[in-house]
Amino acid sequence: MVENRSPRQTLSYLQRRFAEVGIRPRVQYGQNFLIDLNLLDVLAAEAQIGPDDVVLEVGTGTGSLTQRLAAMASHVVSVEIDRAMHQLAREELAGFSNVTLVLADVLEGKHRLDAGVLAEVAGRRDGRRPWKLAANLPYAIATPLMMNLLALDDPPESMTVTIQKELADRVVAQPGTKDYGSLSVWLQSQATAEVLRILPREVFWPRPKVSSAFVRVRFDPRLRERTGDHGFFHRFARAMFLHRRKFVRAELLSAFKGLLDKPQVDRVLAEAGIDPQRRAEQLSVEEFIRLSRVVSAACPPLAVADAADDAESGSDADDHSTDA
């Protein structure tokens, strides 16, 4: 660990520093800097970093949060997509021996994480050190990043992040609410989540169009065990929310067309104890898990995976994305 030496990310500091090096925040990268120093301290503290932890940070920015994390962690791997910002962070963090800065897009595609970033984190986890995500996330990548991290065989123990409030509402949403969807089901099937604090637009520069929130997600392997094949469960949950207002029976017939006929769907629902006239948005996470396992057992493994992939391909029905 090293001492945090520079808690400087104020508005006046950022404006002066950016002018010195001739750069400005880039909207396409979701660069909204948290300029309330007290809130930066809160985010770092809520991440609950221990001296053995390896931390992944996405969105280095000027390195202000990075410094706070480095003061607590064994090592911080911080990823930045913007070359100019990466260079600025290198200057700011030059004295931190336990920080590795990576210039990369953390997402190779919407459904895949950058292999080099994962390798860098793995390389710092000698002796299987625990790892965590702590970041002021760019809004545009928050959903796919969190989804992909939870899909890993060895996901982070926790994710303590700044995200848009709309996404935070979906993360903790309960059945029957407008925010409840495949993200809610997928995340809550294997983790616990809580909204730590709501953040107004004014604590960022430039100001985003929406409010934000600190959220902490804790992975629980005992929860994941209930889902069986968690890869299939992920695809199944997405497929079941492609048409939110359809009844469950109709959605199953659509998602698994050619694999399950009407009598088979009726038997599946009966075995799972699910009323066919309910909608996906009304089912609890436990009911989704039960239904997923029954469907998987009723179909050939490869065929059911292909069907779920086909059902969700090309659709983002549950991705209510919000730009900064």
# chains A, B, ... in the order shown; residues from 1 in each chain; ligands from 1
>>> residues_around(residues="His234 (chain A)", least_positions_apart="2", cutoff="12 Å", atoms="only C-alpha atoms", output="ChimeraX atom specification")
/A:111,147-148,150-152,181-190,224,227-232,236-241,288-289,292-293,305,308-309,312
>>> write_last_selection(atoms="N, CA and C atoms", output="JSON list (two decimals), in the first residue's frame")
[["chain", "number", "residue", "atom", "x", "y", "z"],
["A", 111, "HIS", "N", -20.58, -8.38, -25.54],
["A", 111, "HIS", "CA", -20.73, -9.58, -24.73],
["A", 111, "HIS", "C", -19.39, -10.21, -24.35],
["A", 147, "MET", "N", -22.64, -7.00, -16.30],
["A", 147, "MET", "CA", -23.19, -8.29, -16.73],
["A", 147, "MET", "C", -22.08, -9.27, -17.08],
["A", 148, "ASN", "N", -21.07, -8.79, -17.81],
["A", 148, "ASN", "CA", -19.99, -9.67, -18.23],
["A", 148, "ASN", "C", -19.10, -10.09, -17.07],
["A", 150, "LEU", "N", -20.10, -10.55, -14.00],
["A", 150, "LEU", "CA", -20.84, -11.57, -13.26],
["A", 150, "LEU", "C", -20.93, -12.89, -14.02],
["A", 151, "ALA", "N", -20.69, -12.86, -15.32],
["A", 151, "ALA", "CA", -20.73, -14.09, -16.11],
["A", 151, "ALA", "C", -19.43, -14.88, -16.01],
["A", 152, "LEU", "N", -18.38, -14.28, -15.47],
["A", 152, "LEU", "CA", -17.10, -14.98, -15.35],
["A", 152, "LEU", "C", -17.21, -16.16, -14.38],
["A", 181, "GLY", "N", -36.35, -6.41, -14.68],
["A", 181, "GLY", "CA", -36.11, -6.99, -15.99],
["A", 181, "GLY", "C", -35.03, -8.04, -15.92],
["A", 182, "SER", "N", -34.49, -8.39, -17.07],
["A", 182, "SER", "CA", -33.51, -9.48, -17.12],
["A", 182, "SER", "C", -32.25, -9.13, -16.34],
["A", 183, "LEU", "N", -31.85, -7.86, -16.33],
["A", 183, "LEU", "CA", -30.69, -7.47, -15.54],
["A", 183, "LEU", "C", -30.94, -7.71, -14.06],
["A", 184, "SER", "N", -32.12, -7.34, -13.58],
["A", 184, "SER", "CA", -32.47, -7.55, -12.17],
["A", 184, "SER", "C", -32.40, -9.04, -11.83],
["A", 185, "VAL", "N", -32.98, -9.87, -12.68],
["A", 185, "VAL", "CA", -33.04, -11.31, -12.43],
["A", 185, "VAL", "C", -31.64, -11.91, -12.47],
["A", 186, "TRP", "N", -30.88, -11.57, -13.51],
["A", 186, "TRP", "CA", -29.54, -12.13, -13.67],
["A", 186, "TRP", "C", -28.65, -11.76, -12.49],
["A", 187, "LEU", "N", -28.67, -10.50, -12.09],
["A", 187, "LEU", "CA", -27.80, -10.05, -11.01],
["A", 187, "LEU", "C", -28.24, -10.63, -9.67],
["A", 188, "GLN", "N", -29.53, -10.56, -9.38],
["A", 188, "GLN", "CA", -30.00, -11.01, -8.07],
["A", 188, "GLN", "C", -29.99, -12.53, -7.93],
["A", 189, "SER", "N", -29.83, -13.25, -9.05],
["A", 189, "SER", "CA", -29.74, -14.70, -8.97],
["A", 189, "SER", "C", -28.41, -15.15, -8.39],
["A", 190, "GLN", "N", -27.42, -14.26, -8.35],
["A", 190, "GLN", "CA", -26.10, -14.68, -7.88],
["A", 190, "GLN", "C", -25.39, -13.64, -7.01],
["A", 224, "ARG", "N", -25.42, -18.47, -6.80],
["A", 224, "ARG", "CA", -25.22, -18.91, -8.18],
["A", 224, "ARG", "C", -25.47, -20.41, -8.33],
["A", 227, "THR", "N", -28.74, -21.74, -9.84],
["A", 227, "THR", "CA", -29.14, -21.54, -11.23],
["A", 227, "THR", "C", -28.76, -22.71, -12.13],
["A", 228, "GLY", "N", -27.89, -23.63, -11.65],
["A", 228, "GLY", "CA", -27.43, -24.72, -12.50],
["A", 228, "GLY", "C", -26.44, -24.17, -13.51],
["A", 229, "ASP", "N", -26.75, -24.30, -14.80],
["A", 229, "ASP", "CA", -25.91, -23.75, -15.86],
["A", 229, "ASP", "C", -26.16, -22.24, -15.91],
["A", 230, "HIS", "N", -25.26, -21.45, -15.30],
["A", 230, "HIS", "CA", -25.54, -20.02, -15.19],
["A", 230, "HIS", "C", -25.42, -19.32, -16.54],
["A", 231, "GLY", "N", -24.67, -19.92, -17.48],
["A", 231, "GLY", "CA", -24.61, -19.36, -18.82],
["A", 231, "GLY", "C", -25.97, -19.46, -19.51],
["A", 232, "PHE", "N", -26.59, -20.64, -19.40],
["A", 232, "PHE", "CA", -27.92, -20.79, -19.99],
["A", 232, "PHE", "C", -28.93, -19.90, -19.24],
["A", 236, "PHE", "N", -31.54, -17.42, -20.86],
["A", 236, "PHE", "CA", -32.96, -17.68, -20.61],
["A", 236, "PHE", "C", -33.65, -16.43, -20.07],
["A", 237, "ALA", "N", -33.04, -15.77, -19.10],
["A", 237, "ALA", "CA", -33.65, -14.58, -18.51],
["A", 237, "ALA", "C", -33.83, -13.49, -19.56],
["A", 238, "ARG", "N", -32.84, -13.29, -20.42],
["A", 238, "ARG", "CA", -32.96, -12.28, -21.46],
["A", 238, "ARG", "C", -34.08, -12.64, -22.44],
["A", 239, "ALA", "N", -34.13, -13.92, -22.82],
["A", 239, "ALA", "CA", -35.14, -14.35, -23.78],
["A", 239, "ALA", "C", -36.55, -14.14, -23.24],
["A", 240, "MET", "N", -36.73, -14.34, -21.94],
["A", 240, "MET", "CA", -38.05, -14.24, -21.35],
["A", 240, "MET", "C", -38.54, -12.80, -21.20],
["A", 241, "PHE", "N", -37.64, -11.83, -21.40],
["A", 241, "PHE", "CA", -38.04, -10.42, -21.30],
["A", 241, "PHE", "C", -38.03, -9.74, -22.67],
["A", 288, "PHE", "N", -37.94, -17.78, -11.58],
["A", 288, "PHE", "CA", -37.15, -17.82, -12.82],
["A", 288, "PHE", "C", -36.15, -18.97, -12.78],
["A", 289, "ILE", "N", -35.49, -19.13, -11.67],
["A", 289, "ILE", "CA", -34.51, -20.21, -11.54],
["A", 289, "ILE", "C", -35.19, -21.57, -11.69],
["A", 292, "SER", "N", -36.28, -22.05, -15.34],
["A", 292, "SER", "CA", -35.12, -22.25, -16.19],
["A", 292, "SER", "C", -34.60, -23.68, -16.10],
["A", 293, "ARG", "N", -34.53, -24.20, -14.91],
["A", 293, "ARG", "CA", -34.01, -25.56, -14.73],
["A", 293, "ARG", "C", -34.95, -26.60, -15.36],
["A", 305, "ALA", "N", -29.58, -24.20, -25.74],
["A", 305, "ALA", "CA", -28.66, -23.06, -25.75],
["A", 305, "ALA", "C", -28.81, -22.28, -27.05],
["A", 308, "ALA", "N", -32.09, -20.23, -27.04],
["A", 308, "ALA", "CA", -32.03, -19.03, -26.22],
["A", 308, "ALA", "C", -31.18, -17.96, -26.89],
["A", 309, "ASP", "N", -30.08, -18.38, -27.53],
["A", 309, "ASP", "CA", -29.24, -17.42, -28.25],
["A", 309, "ASP", "C", -30.02, -16.78, -29.39],
["A", 312, "GLU", "N", -32.60, -14.14, -28.20],
["A", 312, "GLU", "CA", -32.12, -12.86, -27.71],
["A", 312, "GLU", "C", -31.28, -12.10, -28.72]]
>>> residues_around(residues="region 194-202 of chain A", least_positions_apart="6", cutoff="9 Å", atoms="only C-alpha atoms", output="list in words")
Ile35, Leu39, Glu46, Thr162, Lys165, Ala168, Asp169, Val171, Val172, Pro208, Lys209, Val210, Ser211, Ser212, Ala213, Phe214, Val215, Arg216, Val217 and Arg218 of chain A
>>> residues_around(residues="region 80-91 of chain A", least_positions_apart="5", cutoff="8 Å", atoms="only C-alpha atoms", output="NGL selection string")
:A and (23 or 29 or 58-63 or 101-106)
>>> write_last_selection(atoms="N, CA and C atoms", output="PDB file, in the first residue's frame")
ATOM      1  N   ILE A  23      -6.563  19.309 -23.412  1.00  0.00           N
ATOM      2  CA  ILE A  23      -7.611  18.308 -23.612  1.00  0.00           C
ATOM      3  C   ILE A  23      -8.903  18.792 -22.971  1.00  0.00           C
ATOM      4  N   TYR A  29     -16.857   9.072 -24.527  1.00  0.00           N
ATOM      5  CA  TYR A  29     -16.278   8.169 -23.541  1.00  0.00           C
ATOM      6  C   TYR A  29     -16.952   8.286 -22.174  1.00  0.00           C
ATOM      7  N   VAL A  58     -12.246   0.853 -13.794  1.00  0.00           N
ATOM      8  CA  VAL A  58     -12.510   1.125 -15.211  1.00  0.00           C
ATOM      9  C   VAL A  58     -12.843   2.605 -15.349  1.00  0.00           C
ATOM     10  N   GLY A  59     -12.031   3.308 -16.105  1.00  0.00           N
ATOM     11  CA  GLY A  59     -12.173   4.753 -16.235  1.00  0.00           C
ATOM     12  C   GLY A  59     -11.210   5.451 -15.292  1.00  0.00           C
ATOM     13  N   THR A  60      -9.924   5.448 -15.622  1.00  0.00           N
ATOM     14  CA  THR A  60      -8.910   6.039 -14.736  1.00  0.00           C
ATOM     15  C   THR A  60      -9.124   7.525 -14.549  1.00  0.00           C
ATOM     16  N   GLY A  61      -9.483   8.223 -15.639  1.00  0.00           N
ATOM     17  CA  GLY A  61      -9.605   9.670 -15.562  1.00  0.00           C
ATOM     18  C   GLY A  61      -8.274  10.295 -15.184  1.00  0.00           C
ATOM     19  N   THR A  62      -8.290  11.200 -14.226  1.00  0.00           N
ATOM     20  CA  THR A  62      -7.059  11.837 -13.766  1.00  0.00           C
ATOM     21  C   THR A  62      -6.382  11.051 -12.655  1.00  0.00           C
ATOM     22  N   GLY A  63      -6.980   9.946 -12.248  1.00  0.00           N
ATOM     23  CA  GLY A  63      -6.353   9.101 -11.235  1.00  0.00           C
ATOM     24  C   GLY A  63      -6.688   9.452  -9.804  1.00  0.00           C
ATOM     25  N   LEU A 101      -1.459   0.889 -15.070  1.00  0.00           N
ATOM     26  CA  LEU A 101      -2.365   1.595 -15.959  1.00  0.00           C
ATOM     27  C   LEU A 101      -2.415   0.883 -17.304  1.00  0.00           C
ATOM     28  N   VAL A 102      -3.628   0.624 -17.762  1.00  0.00           N
ATOM     29  CA  VAL A 102      -3.831  -0.094 -19.020  1.00  0.00           C
ATOM     30  C   VAL A 102      -4.603   0.800 -19.978  1.00  0.00           C
ATOM     31  N   LEU A 103      -4.054   1.011 -21.155  1.00  0.00           N
ATOM     32  CA  LEU A 103      -4.747   1.751 -22.203  1.00  0.00           C
ATOM     33  C   LEU A 103      -5.499   0.749 -23.062  1.00  0.00           C
ATOM     34  N   ALA A 104      -6.821   0.691 -22.892  1.00  0.00           N
ATOM     35  CA  ALA A 104      -7.618  -0.314 -23.599  1.00  0.00           C
ATOM     36  C   ALA A 104      -9.096   0.004 -23.457  1.00  0.00           C
ATOM     37  N   ASP A 105      -9.886  -0.601 -24.344  1.00  0.00           N
ATOM     38  CA  ASP A 105     -11.338  -0.653 -24.182  1.00  0.00           C
ATOM     39  C   ASP A 105     -11.620  -1.922 -23.398  1.00  0.00           C
ATOM     40  N   VAL A 106     -12.190  -1.789 -22.224  1.00  0.00           N
ATOM     41  CA  VAL A 106     -12.404  -2.954 -21.355  1.00  0.00           C
ATOM     42  C   VAL A 106     -13.347  -3.966 -21.987  1.00  0.00           C
TER      43      VAL A 106
END
>>> closest_atom_pairs(of="region 105-149 of chain A", to="region 64-76 of chain A", cutoff="12 Å", atoms="only C-alpha atoms", output="Markdown table")
| residue | atom | partner | partner_atom | distance |
| --- | --- | --- | --- | --- |
| A:Val117 | CA | A:Val76 | CA | 11.8 |
| A:Glu120 | CA | A:Val76 | CA | 10.1 |
| A:Val121 | CA | A:Val76 | CA | 8.5 |
| A:Ala122 | CA | A:His75 | CA | 11.3 |
| A:Gly123 | CA | A:His75 | CA | 10.6 |
| A:Arg124 | CA | A:His75 | CA | 7.1 |
| A:Arg125 | CA | A:His75 | CA | 8.8 |
| A:Asp126 | CA | A:Ser74 | CA | 10.7 |
| A:Arg129 | CA | A:Ser74 | CA | 8.9 |
| A:Pro130 | CA | A:Ser74 | CA | 9.9 |
| A:Trp131 | CA | A:His75 | CA | 9.4 |
| A:Lys132 | CA | A:Val76 | CA | 9.6 |
| A:Leu133 | CA | A:Val76 | CA | 9.7 |
| A:Ala134 | CA | A:Leu69 | CA | 8.1 |
| A:Ala135 | CA | A:Leu65 | CA | 7.7 |
| A:Asn136 | CA | A:Leu65 | CA | 8.1 |
| A:Leu137 | CA | A:Leu65 | CA | 11.4 |
>>> select_by_dssp(residues="region 11-237 of chain A", states="strand (DSSP E or B)", output="ChimeraX atom specification")
/A:33-34,54-58,75-80,99-103,107-109,112-113,131-136,158-164,191-199,204-205,212-219
>>> select_by_dssp(residues="region 170-299 of chain A", states="alpha helix (DSSP H)", output="PyMOL selection string")
chain A and resi 170-171+182-188+221-225+230-240+248-255+262-272+285-298
